[in-house]
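Pasted below: upload21.txt, compact mmCIF, C-alpha atoms and all ligand atoms.
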# COMPACT_ATOMS: atom_id res chain seq x y z
CA MET A 1 30.99 25.47 181.58
CA SER A 2 30.94 28.52 183.70
CA SER A 3 31.97 29.18 187.26
CA SER A 4 29.80 32.20 187.80
CA SER A 5 26.84 33.02 190.07
CA SER A 6 28.04 31.37 193.22
CA ASP A 7 28.37 34.60 195.15
CA GLN A 8 24.80 35.04 196.27
CA ASP A 9 25.72 34.44 199.88
CA GLU A 10 27.17 37.92 200.14
CA PRO A 11 24.78 40.17 202.03
CA ALA A 12 23.63 43.11 200.01
CA GLU A 13 24.97 46.50 200.92
CA GLN A 14 22.48 48.49 202.96
CA PRO A 15 22.13 51.83 201.21
CA GLU A 16 21.01 53.82 204.24
CA GLY A 17 23.69 52.56 206.56
CA LYS A 18 21.09 50.46 208.31
CA PRO A 19 22.48 47.10 209.33
CA GLU A 20 20.67 44.03 208.14
CA TRP A 21 19.86 42.74 211.61
CA LEU A 22 18.10 45.94 212.62
CA ASP A 23 14.85 45.01 210.91
CA SER A 24 14.50 41.70 212.65
CA PHE A 25 15.73 43.25 215.86
CA VAL A 26 12.88 45.75 216.02
CA GLN A 27 10.33 43.13 215.05
CA ARG A 28 11.25 40.76 217.82
CA THR A 29 9.25 40.47 221.00
CA TYR A 30 11.18 40.80 224.20
CA PHE A 31 10.50 40.17 227.85
CA GLY A 32 8.85 36.86 227.10
CA SER A 33 10.11 33.67 228.64
CA CYS A 34 13.12 31.87 227.20
CA GLU A 35 12.15 28.50 225.79
CA LEU A 36 15.45 27.01 226.83
CA HIS A 37 15.61 28.11 230.43
CA GLU A 38 13.56 28.06 233.59
CA PRO A 39 12.65 31.06 235.75
CA PRO A 40 13.90 33.07 237.43
CA LYS A 41 15.85 35.36 235.13
CA ASN A 42 14.66 33.68 231.96
CA GLN A 43 13.11 36.83 230.58
CA LEU A 44 14.33 37.69 227.12
CA THR A 45 15.94 40.99 227.95
CA LYS A 46 18.76 40.78 225.46
CA TYR A 47 19.21 40.43 221.75
CA CYS A 48 22.13 38.69 220.11
CA ILE A 49 22.99 40.38 216.85
CA ASP A 50 25.07 37.48 215.59
CA CYS A 51 22.44 34.84 216.28
CA ASP A 52 19.59 37.17 215.30
CA SER A 53 17.77 35.98 218.37
CA PRO A 54 16.49 37.20 221.71
CA ALA A 55 18.36 35.84 224.71
CA CYS A 56 17.83 35.57 228.44
CA PHE A 57 20.26 35.91 231.32
CA HIS A 58 21.01 32.20 231.24
CA CYS A 59 21.59 32.17 227.50
CA ILE A 60 24.27 34.79 228.02
CA ASP A 61 25.57 33.19 231.19
CA ALA A 62 26.06 29.88 229.40
CA GLY A 63 28.65 31.56 227.23
CA THR A 64 26.85 30.76 224.00
CA HIS A 65 27.04 34.37 222.95
CA ALA A 66 30.35 35.19 224.56
CA GLU A 67 31.92 36.26 221.29
CA HIS A 68 28.75 37.81 219.96
CA ARG A 69 27.39 41.30 219.88
CA VAL A 70 24.60 41.43 222.44
CA LEU A 71 22.22 44.30 223.07
CA LYS A 72 20.44 44.76 226.36
CA ILE A 73 16.77 45.66 226.07
CA TYR A 74 15.16 47.96 228.60
CA ARG A 75 11.50 48.03 229.32
CA HIS A 76 10.14 51.50 228.89
CA VAL A 77 6.68 52.54 230.04
CA TYR A 78 5.18 51.84 226.66
CA LYS A 79 7.98 50.34 224.63
CA ASP A 80 11.00 48.16 224.78
CA VAL A 81 14.02 50.34 224.23
CA VAL A 82 17.75 50.13 223.93
CA LEU A 83 20.22 52.53 225.39
CA ARG A 84 21.64 54.71 222.69
CA SER A 85 25.09 54.18 224.08
CA GLU A 86 24.59 50.43 223.64
CA MET A 87 23.47 50.87 220.09
CA GLU A 88 26.36 53.12 219.22
CA LYS A 89 28.77 50.31 219.84
CA HIS A 90 27.29 48.56 216.84
CA ILE A 91 25.86 51.12 214.50
CA ASP A 92 25.86 54.77 213.71
CA CYS A 93 22.86 56.02 215.69
CA SER A 94 22.66 59.31 213.87
CA LYS A 95 21.08 57.37 211.05
CA ILE A 96 18.57 55.33 213.01
CA GLN A 97 16.86 57.79 215.30
CA VAL A 98 13.89 57.56 213.01
CA PHE A 99 13.49 53.92 213.94
CA PHE A 100 13.91 54.50 217.65
CA PRO A 101 12.07 57.63 218.70
CA ASN A 102 12.65 56.76 222.34
CA LEU A 103 16.31 56.24 221.88
CA ARG A 104 17.72 59.18 223.73
CA THR A 105 19.31 59.82 227.05
CA PRO A 106 17.20 61.60 229.67
ZN ZN A 201 17.69 31.34 227.78
ZN ZN A 202 24.70 34.76 219.80
Show me, as structure tokens, the structure contained in the file I just sent.
Ligand SMILES: [Zn+2]
Ligand SMILES: [Zn+2]
Amino acid sequence: MSSSSSDQDEPAEQPEGKPEWLDSFVQRTYFGSCELHEPPKNQLTKYCIDCDSPACFHCIDAGTHAEHRVLKIYRHVYKDVVLRSEMEKHIDCSKIQVFFPNLRTP
């Protein structure tokens, strides 16, 4: 009897310093309507890192994500962007500029 191979829950180390949630974060669609909440203010303008899910004003207001890391998404002319200062709270932005070409301060 062995007690091995029960440690597959551990997330793999990201070699490039890119957090695991970043991939799903950039693939999400934002500024749609929240399925849980009614207008107004139900646009999905935020992303909860811990839930790996977009969130609207009401989602945040309900306190569901109070302890979570939430990013605010800004609508750029062509793209949805995040303020670099917001990102830097969570990750080292010097490594991810390649993923966010628009991620710079004016
Ligand atoms: Zn909502
Ligand atoms: Zn959350």
Counting only C-alpha atoms and all ligand atoms, name the residues that have an atom within 10 Å of an atom of ligand ZN 201 (chain A); the answer should be given as a PyMOL selection string.
-> chain A and resi 33-39+41-46+54-62+64
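Proximal residues of ligand ZN 202 (chain A) are Cys48, Ile49, Asp50, Cys51, Thr64, His65 and His68 of chain A, by a cut-off of 7 Å on only C-alpha atoms and all ligand atoms.
Between CA of Glu86 in chain A and CA of Phe31 in chain A there is a distance of 17.9 Å.
Atom pair CA of Tyr78 in chain A / CA of Ser24 in chain A: separated by 19.6 Å.
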